[in-house]
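J.: Below is entry.pdb; it holds PDB, C-alpha atoms.
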ATOM      1  CA  MET A 125     154.167  46.994 193.565
ATOM      2  CA  ASN A 126     155.200  45.906 197.045
ATOM      3  CA  ALA A 127     158.547  44.326 197.660
ATOM      4  CA  SER A 128     158.301  40.562 197.913
ATOM      5  CA  LEU A 129     156.325  39.722 201.051
ATOM      6  CA  THR A 130     157.608  37.186 203.554
ATOM      7  CA  PRO A 131     155.830  35.446 206.427
ATOM      8  CA  LYS A 132     155.731  37.231 209.782
ATOM      9  CA  LEU A 133     155.546  33.995 211.769
ATOM     10  CA  LEU A 134     157.039  30.566 210.999
ATOM     11  CA  SER A 135     156.007  27.306 212.632
ATOM     12  CA  GLY A 136     159.497  26.986 214.151
ATOM     13  CA  ASP A 137     158.919  30.245 216.070
ATOM     14  CA  ILE A 138     156.055  28.687 218.038
ATOM     15  CA  LYS A 139     155.937  26.325 221.027
ATOM     16  CA  VAL A 140     153.041  24.417 222.550
ATOM     17  CA  GLY A 141     151.762  26.512 225.443
ATOM     18  CA  ASP A 142     152.555  29.853 223.753
ATOM     19  CA  ARG A 143     149.845  32.432 224.288
ATOM     20  CA  LEU A 144     148.589  34.712 221.538
ATOM     21  CA  PRO A 145     148.966  38.429 222.288
ATOM     22  CA  ALA A 146     145.913  39.747 224.155
ATOM     23  CA  LEU A 147     143.382  41.869 222.284
ATOM     24  CA  GLU A 148     140.829  44.093 223.974
ATOM     25  CA  HIS A 149     137.924  45.801 222.294
ATOM     26  CA  ARG A 150     135.123  47.884 223.796
ATOM     27  CA  VAL A 151     131.837  46.958 222.110
ATOM     28  CA  THR A 152     129.291  49.623 221.184
ATOM     29  CA  ALA A 153     125.858  49.290 219.562
ATOM     30  CA  THR A 154     127.625  50.266 216.323
ATOM     31  CA  THR A 155     130.037  47.313 216.694
ATOM     32  CA  VAL A 156     127.077  44.932 216.939
ATOM     33  CA  VAL A 157     125.111  46.480 214.048
ATOM     34  CA  LEU A 158     128.147  46.747 211.734
ATOM     35  CA  GLY A 159     128.951  43.085 212.349
ATOM     36  CA  ALA A 160     125.388  41.895 211.804
ATOM     37  CA  LEU A 161     124.856  43.818 208.566
ATOM     38  CA  ALA A 162     128.298  42.914 207.176
ATOM     39  CA  SER A 163     127.327  39.256 207.609
ATOM     40  CA  ARG A 164     123.863  39.817 206.040
ATOM     41  CA  ASP A 165     122.180  38.855 209.296
ATOM     42  CA  TRP A 166     119.028  40.987 209.362
ATOM     43  CA  ARG A 167     117.471  39.421 212.462
ATOM     44  CA  PRO A 168     116.213  42.179 214.787
ATOM     45  CA  MET A 169     117.977  41.064 217.992
ATOM     46  CA  HIS A 170     121.219  42.272 216.419
ATOM     47  CA  HIS A 171     120.018  45.833 215.695
ATOM     48  CA  ASP A 172     116.752  46.531 217.566
ATOM     49  CA  LYS A 173     117.188  46.898 221.330
ATOM     50  CA  ASP A 174     113.422  46.835 222.082
ATOM     51  CA  PHE A 175     113.095  43.545 220.210
ATOM     52  CA  ALA A 176     116.120  42.030 221.985
ATOM     53  CA  VAL A 177     114.767  43.026 225.409
ATOM     54  CA  GLU A 178     111.121  42.111 224.828
ATOM     55  CA  ARG A 179     111.479  38.997 222.679
ATOM     56  CA  ASN A 180     114.892  37.543 223.556
ATOM     57  CA  GLY A 181     114.849  38.612 227.193
ATOM     58  CA  THR A 182     118.389  39.940 226.909
ATOM     59  CA  PRO A 183     119.459  43.323 228.323
ATOM     60  CA  ASN A 184     120.476  44.647 224.881
ATOM     61  CA  ILE A 185     121.271  43.716 221.268
ATOM     62  CA  PHE A 186     124.168  41.261 221.026
ATOM     63  CA  ILE A 187     126.952  40.138 218.671
ATOM     64  CA  ASN A 188     125.823  37.540 216.110
ATOM     65  CA  THR A 189     127.525  34.224 215.367
ATOM     66  CA  PRO A 190     129.214  34.974 212.002
ATOM     67  CA  ASN A 191     130.577  38.245 213.387
ATOM     68  CA  ASN A 192     131.993  36.349 216.366
ATOM     69  CA  ALA A 193     133.747  34.101 213.804
ATOM     70  CA  ALA A 194     135.114  37.186 212.021
ATOM     71  CA  TRP A 195     136.499  38.515 215.327
ATOM     72  CA  PHE A 196     138.262  35.206 216.007
ATOM     73  CA  GLU A 197     139.656  35.157 212.471
ATOM     74  CA  ARG A 198     141.048  38.662 212.907
ATOM     75  CA  TYR A 199     142.522  37.707 216.283
ATOM     76  CA  ILE A 200     144.294  34.678 214.794
ATOM     77  CA  THR A 201     145.658  36.411 211.694
ATOM     78  CA  ASP A 202     146.810  39.437 213.729
ATOM     79  CA  TRP A 203     149.147  36.859 215.289
ATOM     80  CA  THR A 204     150.122  34.812 212.214
ATOM     81  CA  GLY A 205     150.193  37.623 209.666
ATOM     82  CA  PRO A 206     148.650  37.268 206.185
ATOM     83  CA  PHE A 207     150.403  33.961 205.392
ATOM     84  CA  GLY A 208     148.456  32.196 208.165
ATOM     85  CA  ARG A 209     145.588  30.248 206.593
ATOM     86  CA  LEU A 210     142.636  29.166 208.692
ATOM     87  CA  GLY A 211     141.700  25.513 208.278
ATOM     88  CA  ARG A 212     139.065  24.965 210.963
ATOM     89  CA  LEU A 213     137.086  26.976 213.486
ATOM     90  CA  SER A 214     134.501  25.960 216.070
ATOM     91  CA  PHE A 215     133.132  27.883 219.019
ATOM     92  CA  GLN A 216     130.313  28.064 221.537
ATOM     93  CA  MET A 217     128.781  31.388 222.543
ATOM     94  CA  LYS A 218     127.952  30.672 226.178
ATOM     95  CA  THR A 219     126.761  34.168 227.082
ATOM     96  CA  PRO A 220     126.119  36.960 224.555
ATOM     97  CA  VAL A 221     128.393  39.981 224.168
ATOM     98  CA  PHE A 222     126.517  43.295 224.552
ATOM     99  CA  PRO A 223     127.253  46.994 223.922
ATOM    100  CA  GLY A 224     129.321  48.311 226.841
ATOM    101  CA  ASP A 225     131.210  45.039 227.248
ATOM    102  CA  GLU A 226     134.967  45.035 226.806
ATOM    103  CA  MET A 227     135.864  41.857 224.927
ATOM    104  CA  CYS A 228     139.202  40.363 226.013
ATOM    105  CA  PHE A 229     140.519  37.815 223.523
ATOM    106  CA  GLY A 230     142.876  35.078 224.631
ATOM    107  CA  GLY A 231     144.403  32.107 222.852
ATOM    108  CA  GLU A 232     146.868  29.315 223.496
ATOM    109  CA  VAL A 233     148.775  26.936 221.217
ATOM    110  CA  LYS A 234     147.674  23.418 222.186
ATOM    111  CA  ALA A 235     149.422  21.375 219.482
ATOM    112  CA  LEU A 236     151.868  21.773 216.610
ATOM    113  CA  THR A 237     151.895  19.183 213.830
ATOM    114  CA  ALA A 238     153.003  18.637 210.246
ATOM    115  CA  ASP A 239     150.704  16.553 208.044
ATOM    116  CA  GLY A 240     151.675  14.070 205.321
ATOM    117  CA  THR A 241     151.735  16.829 202.690
ATOM    118  CA  GLY A 242     154.237  18.908 204.691
ATOM    119  CA  CYS A 243     151.690  21.483 205.836
ATOM    120  CA  HIS A 244     152.440  22.828 209.327
ATOM    121  CA  TRP A 245     149.474  23.305 211.660
ATOM    122  CA  ALA A 246     148.886  25.041 214.977
ATOM    123  CA  ASP A 247     145.861  23.959 217.000
ATOM    124  CA  LEU A 248     144.588  26.786 219.167
ATOM    125  CA  GLU A 249     142.235  27.184 222.068
ATOM    126  CA  LEU A 250     140.450  30.528 221.984
ATOM    127  CA  GLY A 251     138.276  32.568 224.286
ATOM    128  CA  ILE A 252     136.473  35.878 224.618
ATOM    129  CA  SER A 253     135.875  37.010 228.163
ATOM    130  CA  VAL A 254     134.265  40.104 229.672
ATOM    131  CA  ASN A 255     135.392  41.178 233.162
ATOM    132  CA  GLY A 256     137.007  37.762 233.555
ATOM    133  CA  GLU A 257     133.804  35.873 232.660
ATOM    134  CA  PRO A 258     134.165  33.537 229.648
ATOM    135  CA  ARG A 259     131.542  34.480 227.036
ATOM    136  CA  THR A 260     132.719  32.491 223.985
ATOM    137  CA  VAL A 261     135.127  29.547 223.891
ATOM    138  CA  GLY A 262     136.471  27.965 220.747
ATOM    139  CA  LYS A 263     139.105  26.051 218.879
ATOM    140  CA  ALA A 264     140.916  26.730 215.628
ATOM    141  CA  ARG A 265     143.398  25.034 213.347
ATOM    142  CA  VAL A 266     145.608  27.342 211.330
ATOM    143  CA  ALA A 267     148.316  26.563 208.778
ATOM    144  CA  ILE A 268     151.565  28.442 209.339
ATOM    145  CA  PRO A 269     154.497  28.580 206.897
ATOM    146  CA  ALA A 270     157.362  26.240 207.770
ATOM    147  CA  THR A 271     159.964  28.369 205.968
ATOM    148  CA  ILE A 272     160.060  31.843 204.419
ATOM    149  CA  ASP A 273     159.397  30.227 201.018
ATOM    150  CA  ASP A 274     156.378  28.267 202.230
ATOM    151  CA  ASN A 275     152.893  29.642 201.611
ATOM    152  CA  PRO A 276     149.840  27.697 202.833
ATOM    153  CA  TRP A 277     147.575  29.731 200.503
ATOM    154  CA  ARG A 278     149.201  28.059 197.477
ATOM    155  CA  ARG A 279     148.094  24.606 198.603
ATOM    156  CA  LYS A 280     145.255  23.056 196.631
ATOM    157  CA  GLY A 281     143.330  19.803 196.436
ATOM    158  CA  GLU A 282     145.174  16.885 198.083
ATOM    159  CA  ARG A 283     147.835  19.215 199.423
ATOM    160  CA  TRP A 284     145.321  21.076 201.616
ATOM    161  CA  GLN A 285     143.853  18.850 204.303
ATOM    162  CA  PRO A 286     142.422  20.962 207.118
TER     163      PRO A 286
ATOM    164  CA  MET B 271     113.388   2.916 227.800
ATOM    165  CA  ASN B 272     110.497   1.847 225.594
ATOM    166  CA  GLU B 273     111.165   4.329 222.778
ATOM    167  CA  ASP B 274     111.306   2.717 219.358
ATOM    168  CA  ASP B 275     114.922   3.155 218.271
ATOM    169  CA  THR B 276     114.281   2.316 214.599
ATOM    170  CA  LEU B 277     114.542   5.298 212.257
ATOM    171  CA  PRO B 278     111.605   5.786 209.881
ATOM    172  CA  GLU B 279     112.500   4.888 206.295
ATOM    173  CA  ALA B 280     111.967   8.480 205.097
ATOM    174  CA  VAL B 281     114.634   9.628 207.566
ATOM    175  CA  ARG B 282     117.058   6.763 206.779
ATOM    176  CA  ASN B 283     116.805   7.651 203.094
ATOM    177  CA  MET B 284     118.019  11.196 203.789
ATOM    178  CA  ILE B 285     121.410  10.073 205.152
ATOM    179  CA  GLY B 286     124.388  10.724 202.884
ATOM    180  CA  VAL B 287     122.331  12.268 200.063
ATOM    181  CA  PRO B 288     123.043  15.867 198.937
ATOM    182  CA  LEU B 289     119.844  17.861 199.578
ATOM    183  CA  TYR B 290     118.612  21.416 198.986
ATOM    184  CA  GLU B 291     121.229  22.579 196.515
ATOM    185  CA  GLU B 292     121.334  26.361 196.563
ATOM    186  CA  ARG B 293     123.379  28.946 194.688
ATOM    187  CA  THR B 294     124.597  32.362 195.890
ATOM    188  CA  GLU B 295     122.215  35.172 194.855
ATOM    189  CA  PHE B 296     125.077  37.359 193.599
ATOM    190  CA  PRO B 297     128.721  36.765 192.643
ATOM    191  CA  ILE B 298     131.235  37.148 195.493
ATOM    192  CA  GLU B 299     132.182  40.822 195.774
ATOM    193  CA  ILE B 300     134.688  42.971 197.619
ATOM    194  CA  GLY B 301     132.132  45.302 199.295
ATOM    195  CA  TYR B 302     131.110  42.741 201.882
ATOM    196  CA  VAL B 303     134.760  41.839 202.458
ATOM    197  CA  TYR B 304     135.503  45.486 203.326
ATOM    198  CA  ASN B 305     132.383  45.700 205.530
ATOM    199  CA  THR B 306     133.386  42.545 207.403
ATOM    200  CA  CYS B 307     137.003  43.592 207.886
ATOM    201  CA  ALA B 308     135.938  47.101 208.961
ATOM    202  CA  ALA B 309     133.419  45.697 211.480
ATOM    203  CA  VAL B 310     136.184  43.791 213.301
ATOM    204  CA  GLU B 311     139.061  46.166 212.460
ATOM    205  CA  ASN B 312     140.858  43.402 210.565
ATOM    206  CA  GLY B 313     143.838  45.047 208.869
ATOM    207  CA  ASN B 314     145.102  41.875 207.161
ATOM    208  CA  PRO B 315     146.698  43.177 203.916
ATOM    209  CA  LEU B 316     145.375  40.092 202.140
ATOM    210  CA  TYR B 317     141.968  41.799 202.147
ATOM    211  CA  TRP B 318     143.001  45.452 201.640
ATOM    212  CA  ASP B 319     146.061  45.421 199.407
ATOM    213  CA  GLU B 320     145.751  44.227 195.813
ATOM    214  CA  ASP B 321     149.495  43.490 195.500
ATOM    215  CA  ALA B 322     149.620  41.545 198.766
ATOM    216  CA  ALA B 323     146.561  39.518 197.723
ATOM    217  CA  GLN B 324     148.161  38.784 194.351
ATOM    218  CA  GLN B 325     151.478  37.718 195.871
ATOM    219  CA  ILE B 326     150.057  35.621 198.678
ATOM    220  CA  ALA B 327     146.804  34.177 197.335
ATOM    221  CA  GLY B 328     147.021  34.768 193.584
ATOM    222  CA  GLY B 329     144.308  37.474 193.703
ATOM    223  CA  ARG B 330     141.608  39.027 195.865
ATOM    224  CA  ILE B 331     139.906  36.566 198.206
ATOM    225  CA  ALA B 332     137.329  36.731 201.008
ATOM    226  CA  PRO B 333     138.119  35.849 204.634
ATOM    227  CA  PRO B 334     137.323  32.131 205.059
ATOM    228  CA  THR B 335     134.917  32.723 207.956
ATOM    229  CA  MET B 336     132.633  34.671 205.585
ATOM    230  CA  LEU B 337     131.485  31.365 204.089
ATOM    231  CA  SER B 338     127.910  31.547 205.398
ATOM    232  CA  VAL B 339     127.578  35.275 204.592
ATOM    233  CA  TRP B 340     127.195  34.589 200.878
ATOM    234  CA  PHE B 341     124.148  32.391 201.356
ATOM    235  CA  ARG B 342     121.970  34.617 203.553
ATOM    236  CA  PRO B 343     119.047  35.854 201.462
ATOM    237  CA  HIS B 344     118.344  39.531 200.798
ATOM    238  CA  TYR B 345     116.111  41.080 203.447
ATOM    239  CA  TRP B 346     113.669  41.872 200.666
ATOM    240  CA  ALA B 347     113.538  41.069 196.973
ATOM    241  CA  PRO B 348     110.851  41.577 194.339
ATOM    242  CA  GLY B 349     108.346  38.747 194.402
ATOM    243  CA  ALA B 350     109.790  37.128 197.547
ATOM    244  CA  THR B 351     107.245  35.368 199.721
ATOM    245  CA  GLY B 352     107.593  33.908 203.194
ATOM    246  CA  GLU B 353     110.667  33.325 205.249
ATOM    247  CA  ARG B 354     113.269  30.888 203.993
ATOM    248  CA  LYS B 355     114.604  28.527 206.621
ATOM    249  CA  ALA B 356     118.305  27.880 206.772
ATOM    250  CA  LEU B 357     119.212  24.203 207.230
ATOM    251  CA  GLN B 358     115.927  22.830 205.839
ATOM    252  CA  ALA B 359     117.181  19.223 206.205
ATOM    253  CA  HIS B 360     117.227  19.755 209.959
ATOM    254  CA  PHE B 361     113.587  20.887 210.009
ATOM    255  CA  ASP B 362     112.666  17.892 207.836
ATOM    256  CA  ILE B 363     114.257  15.433 210.301
ATOM    257  CA  LYS B 364     112.680  17.199 213.258
ATOM    258  CA  ALA B 365     109.223  16.926 211.638
ATOM    259  CA  LEU B 366     109.679  13.297 210.510
ATOM    260  CA  LEU B 367     110.824  12.229 213.979
ATOM    261  CA  ASP B 368     108.082  14.324 215.613
ATOM    262  CA  LEU B 369     110.528  16.119 217.912
ATOM    263  CA  PRO B 370     109.113  19.571 218.699
ATOM    264  CA  GLU B 371     112.246  21.218 220.114
ATOM    265  CA  ALA B 372     115.813  21.514 218.887
ATOM    266  CA  VAL B 373     119.074  23.181 219.830
ATOM    267  CA  VAL B 374     122.444  23.443 218.115
ATOM    268  CA  ALA B 375     124.815  21.304 220.190
ATOM    269  CA  ASP B 376     127.988  22.011 218.227
ATOM    270  CA  ASN B 377     129.198  23.476 214.974
ATOM    271  CA  GLU B 378     132.533  23.379 213.236
ATOM    272  CA  ALA B 379     133.594  25.005 209.996
ATOM    273  CA  SER B 380     136.412  23.743 207.789
ATOM    274  CA  PHE B 381     137.770  25.816 204.941
ATOM    275  CA  GLY B 382     139.011  24.671 201.538
ATOM    276  CA  GLU B 383     139.872  26.488 198.315
ATOM    277  CA  PRO B 384     139.774  30.277 198.948
ATOM    278  CA  VAL B 385     136.624  32.142 197.887
ATOM    279  CA  ARG B 386     137.601  34.564 195.111
ATOM    280  CA  MET B 387     135.914  37.702 193.807
ATOM    281  CA  GLY B 388     133.392  36.809 191.119
ATOM    282  CA  ASP B 389     132.976  33.232 192.334
ATOM    283  CA  VAL B 390     129.513  31.697 192.251
ATOM    284  CA  LEU B 391     129.109  29.229 195.115
ATOM    285  CA  THR B 392     126.759  26.319 195.538
ATOM    286  CA  THR B 393     125.790  24.729 198.795
ATOM    287  CA  CYS B 394     124.040  21.496 199.685
ATOM    288  CA  GLN B 395     123.002  19.856 202.939
ATOM    289  CA  ILE B 396     124.159  16.317 203.689
ATOM    290  CA  VAL B 397     122.821  14.457 206.713
ATOM    291  CA  ARG B 398     125.935  12.671 207.920
ATOM    292  CA  SER B 399     124.511  10.690 210.835
ATOM    293  CA  ILE B 400     121.513  10.347 213.138
ATOM    294  CA  GLY B 401     122.166   8.905 216.578
ATOM    295  CA  PRO B 402     120.094   6.579 218.763
ATOM    296  CA  VAL B 403     117.322   7.763 221.083
ATOM    297  CA  LYS B 404     118.884   9.391 224.144
ATOM    298  CA  GLN B 405     117.733  10.762 227.442
ATOM    299  CA  THR B 406     119.263  14.235 227.828
ATOM    300  CA  ARG B 407     118.999  17.007 230.388
ATOM    301  CA  LEU B 408     116.503  18.765 228.090
ATOM    302  CA  GLY B 409     114.350  15.756 227.250
ATOM    303  CA  THR B 410     114.273  12.583 225.154
ATOM    304  CA  GLY B 411     115.554  12.869 221.613
ATOM    305  CA  ARG B 412     118.338  12.246 219.149
ATOM    306  CA  PHE B 413     121.501  13.971 218.000
ATOM    307  CA  TRP B 414     122.107  14.386 214.278
ATOM    308  CA  THR B 415     124.885  15.933 212.221
ATOM    309  CA  ILE B 416     124.336  17.848 208.999
ATOM    310  CA  ASP B 417     127.169  19.027 206.747
ATOM    311  CA  VAL B 418     126.528  22.166 204.743
ATOM    312  CA  ARG B 419     129.023  21.675 201.954
ATOM    313  CA  THR B 420     130.036  24.494 199.641
ATOM    314  CA  THR B 421     131.729  24.276 196.245
ATOM    315  CA  ASN B 422     132.692  26.911 193.682
ATOM    316  CA  GLN B 423     131.863  27.175 189.973
ATOM    317  CA  HIS B 424     134.840  24.883 189.189
ATOM    318  CA  GLY B 425     133.450  22.160 191.446
ATOM    319  CA  GLU B 426     136.234  22.745 193.988
ATOM    320  CA  TRP B 427     135.434  22.310 197.683
ATOM    321  CA  VAL B 428     135.539  25.688 199.449
ATOM    322  CA  GLY B 429     134.262  24.720 202.877
ATOM    323  CA  THR B 430     131.895  22.781 205.083
ATOM    324  CA  GLU B 431     129.941  23.835 208.125
ATOM    325  CA  ALA B 432     129.062  20.802 210.227
ATOM    326  CA  TYR B 433     126.146  21.270 212.625
ATOM    327  CA  THR B 434     125.353  18.782 215.372
ATOM    328  CA  LEU B 435     121.820  19.302 216.585
ATOM    329  CA  LEU B 436     119.744  17.814 219.351
ATOM    330  CA  GLY B 437     116.070  17.328 218.500
ATOM    331  CA  TYR B 438     114.033  16.482 221.599
ATOM    332  CA  ARG B 439     110.705  16.337 223.355
ATOM    333  CA  ARG B 440     110.456  17.920 226.793
ATOM    334  CA  PRO B 441     109.330  15.536 229.555
ATOM    335  CA  ALA B 442     105.892  17.248 229.722
ATOM    336  CA  GLN B 443     105.351  17.209 225.924
TER     337      GLN B 443
END
In structure tokens, what does this structure look like?

T.:
Amino acid sequence: MNASLTPKLLSGDIKVGDRLPALEHRVTATTVVLGALASRDWRPMHHDKDFAVERNGTPNIFINTPNNAAWFERYITDWTGPFGRLGRLSFQMKTPVFPGDEMCFGGEVKALTADGTGCHWADLELGISVNGEPRTVGKARVAIPATIDDNPWRRKGERWQP
Amino acid sequence: MNEDDTLPEAVRNMIGVPLYEERTEFPIEIGYVYNTCAAVENGNPLYWDEDAAQQIAGGRIAPPTMLSVWFRPHYWAPGATGERKALQAHFDIKALLDLPEAVVADNEASFGEPVRMGDVLTTCQIVRSIGPVKQTRLGTGRFWTIDVRTTNQHGEWVGTEAYTLLGYRRPAQ
């Protein structure tokens, strides 16, 4: 049994304008295929290069939408730690991410609020760029503990209003 | 613009009504959670460490962004015929309004009660709104928003994916 776990990040530790630590990841064909199959996305443009080139007109297979969401989720909770609880996520994939690309994740805290139930929220702006070119841009809302005794995961029903 | 802005009755009747209820084909399981976390090198102990999951979330849960994963059909199954279309309500609207093209303009997911191992989830599609006829860069059409709402076996809300789509006709069509 682990010792009692405590939050890594509290809402009071954060300011509007803070940037999330950068994350870089070199994408391979395996990255794309692992992500597609883990999300049960069997469409060929995420595992078959000939199909992607001939039918989609893209230079290679590319990362699929749910896997992009999983990357953003990892990026956010790397920052918050396990007590951070995602409430909302939206993003637009402007240009696909291909094998050979190095994804550079960035994020900024745009707003910090507490709702009527006492839940503390950080609103984030997120991006994935490759060689400085934005490929995916998005927004997220994540609940962050207010104190070491607070735990957003224990909120239910009316007390969880993402 | 001379386009008739009145929505056909069949389309109006779809608004706000839960449609196409669908249940997950298998109970939520840890294998896909590991595959997803491994694919993005997500080391969050909530998904790898039984004790951490118990202390923080009261048991093993799936990452919230996996919501749509649980509803994608098997690539093959005995007796399966044809391809199932995700977001059937969208294709219904597109056909009823006779708009041959469509693109996703926006989508936003919101996450409720955590998805737990063994859960059986149910989803339905709710057409939230259909906008007026608009001239867009792509052609003439309408925007509509469909909520894909998911609940668990206790009837608790576990998440919604809201899709805003543009159905349109190209100028030459």

J.: Taking the file as shown, what set of residues would the PyMOL selection byres ((chain B and resi 289-292) around 6) give back, as a ChimeraX atom specification?

T.: /B:288,293,392-395

J.: Using the chain letters and numbers from the file, which residues does the PyMOL selection byres ((chain A and resi 157) around 10) grab, as a short mmCIF file (atom, residue, chain, number, x, y, z; two decimals) with C-alpha atoms, in the frame of the given file?

T.:
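And here's expr27.cif as it stands now:
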data_model
loop_
_atom_site.label_atom_id
_atom_site.label_comp_id
_atom_site.auth_asym_id
_atom_site.auth_seq_id
_atom_site.Cartn_x
_atom_site.Cartn_y
_atom_site.Cartn_z
CA THR A 152 129.29 49.62 221.18
CA ALA A 153 125.86 49.29 219.56
CA THR A 154 127.62 50.27 216.32
CA THR A 155 130.04 47.31 216.69
CA VAL A 156 127.08 44.93 216.94
CA LEU A 158 128.15 46.75 211.73
CA GLY A 159 128.95 43.08 212.35
CA ALA A 160 125.39 41.90 211.80
CA LEU A 161 124.86 43.82 208.57
CA ALA A 162 128.30 42.91 207.18
CA SER A 163 127.33 39.26 207.61
CA ASP A 165 122.18 38.85 209.30
CA TRP A 166 119.03 40.99 209.36
CA PRO A 168 116.21 42.18 214.79
CA MET A 169 117.98 41.06 217.99
CA HIS A 170 121.22 42.27 216.42
CA HIS A 171 120.02 45.83 215.70
CA ASP A 172 116.75 46.53 217.57
CA ILE A 185 121.27 43.72 221.27
CA PHE A 186 124.17 41.26 221.03
CA ILE A 187 126.95 40.14 218.67
CA ASN A 188 125.82 37.54 216.11
CA ASN A 191 130.58 38.24 213.39
CA ALA B 309 133.42 45.70 211.48
#

J.: For this structure, which residues satisfy the selection - the ChimeraX specification (/B :<8) & /A - when it is evaluated on the file as given? I want them as a ChimeraX atom specification.

T.: /A:125-126,128-129,155,158-159,162-166,190-191,193-195,197-198,201-202,205-207,210-216,275,277-278,280-281,284,286

J.: Need to verify the contact set: Val254 of chain A, 6 Å, only C-alpha atoms, exclusion of same-chain residues closer than 3 positions in sequence. Can you return it as a list in words?

T.: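 Within the cut-off, the hits are Glu226, Met227 and Glu257 of chain A.
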
J.: Give the padded box for segment 312-326 of chain B as lines of an AutoDock Vina configuration file: axis-aligned, covering all atoms listed in the file, 4 Å on each side, centre and edge lengths in Å to one decimal.

T.:
center_x = 146.2
center_y = 40.5
center_z = 202.5
size_x = 18.6
size_y = 17.8
size_z = 24.2

J.: Determine the nearest neighbour of Ala264 of chain A from the options A:Phe222, A:Trp245, A:Phe229, A:Trp203, counting only C-alpha atoms.

T.: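 Result for the nearest residue to Ala264 of chain A: A:Trp245.
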
J.: So what do you get for atom CA of Pro276 of chain A versus atom CA of Gln324 of chain B, distance-wise?

T.: 14.1 Å

J.: From the options B:Ala442, B:Val390, B:Leu408, B:Leu435, which residue's atoms come nearest to Thr420 of chain B, counting all atoms listed in the file?

T.: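 Smallest distance to Thr420 of chain B is found for B:Val390.
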
J.: So which residues fall inside 10 Å of (134.9, 38.8, 190.2) if we count all atoms listed in the file? Mind giving them as a PyMOL selection string?

T.: chain B and resi 297-300+330-331+386-390

J.: Name the residues in contact with Glu249 of chain A at a cut-off of 9 Å, using only C-alpha atoms, excluding same-chain residues fewer than 6 positions from it; report them as a ChimeraX atom specification.

T.: /A:230-234,261-264

J.: I'd like the interatomic distance between atom CA of Pro258 of chain A and atom CA of Asp225 of chain A, to a tenth of an Å.

T.: 12.1 Å

J.: Using Å and a single decimal, report how far atom CA of Val151 of chain A sits from atom CA of Gly224 of chain A.

T.: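 Taking atom CA of Gly224 of chain A as the start and atom CA of Val151 of chain A as the end point, the length is 5.5 Å.
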
J.: Which residue gives the smallest distance to Pro131 of chain A among A:Pro183, A:Leu250, A:Cys243, A:Arg209, with all atoms listed in the file counted?

T.: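 Distance minimum relative to Pro131 of chain A lands on A:Arg209.
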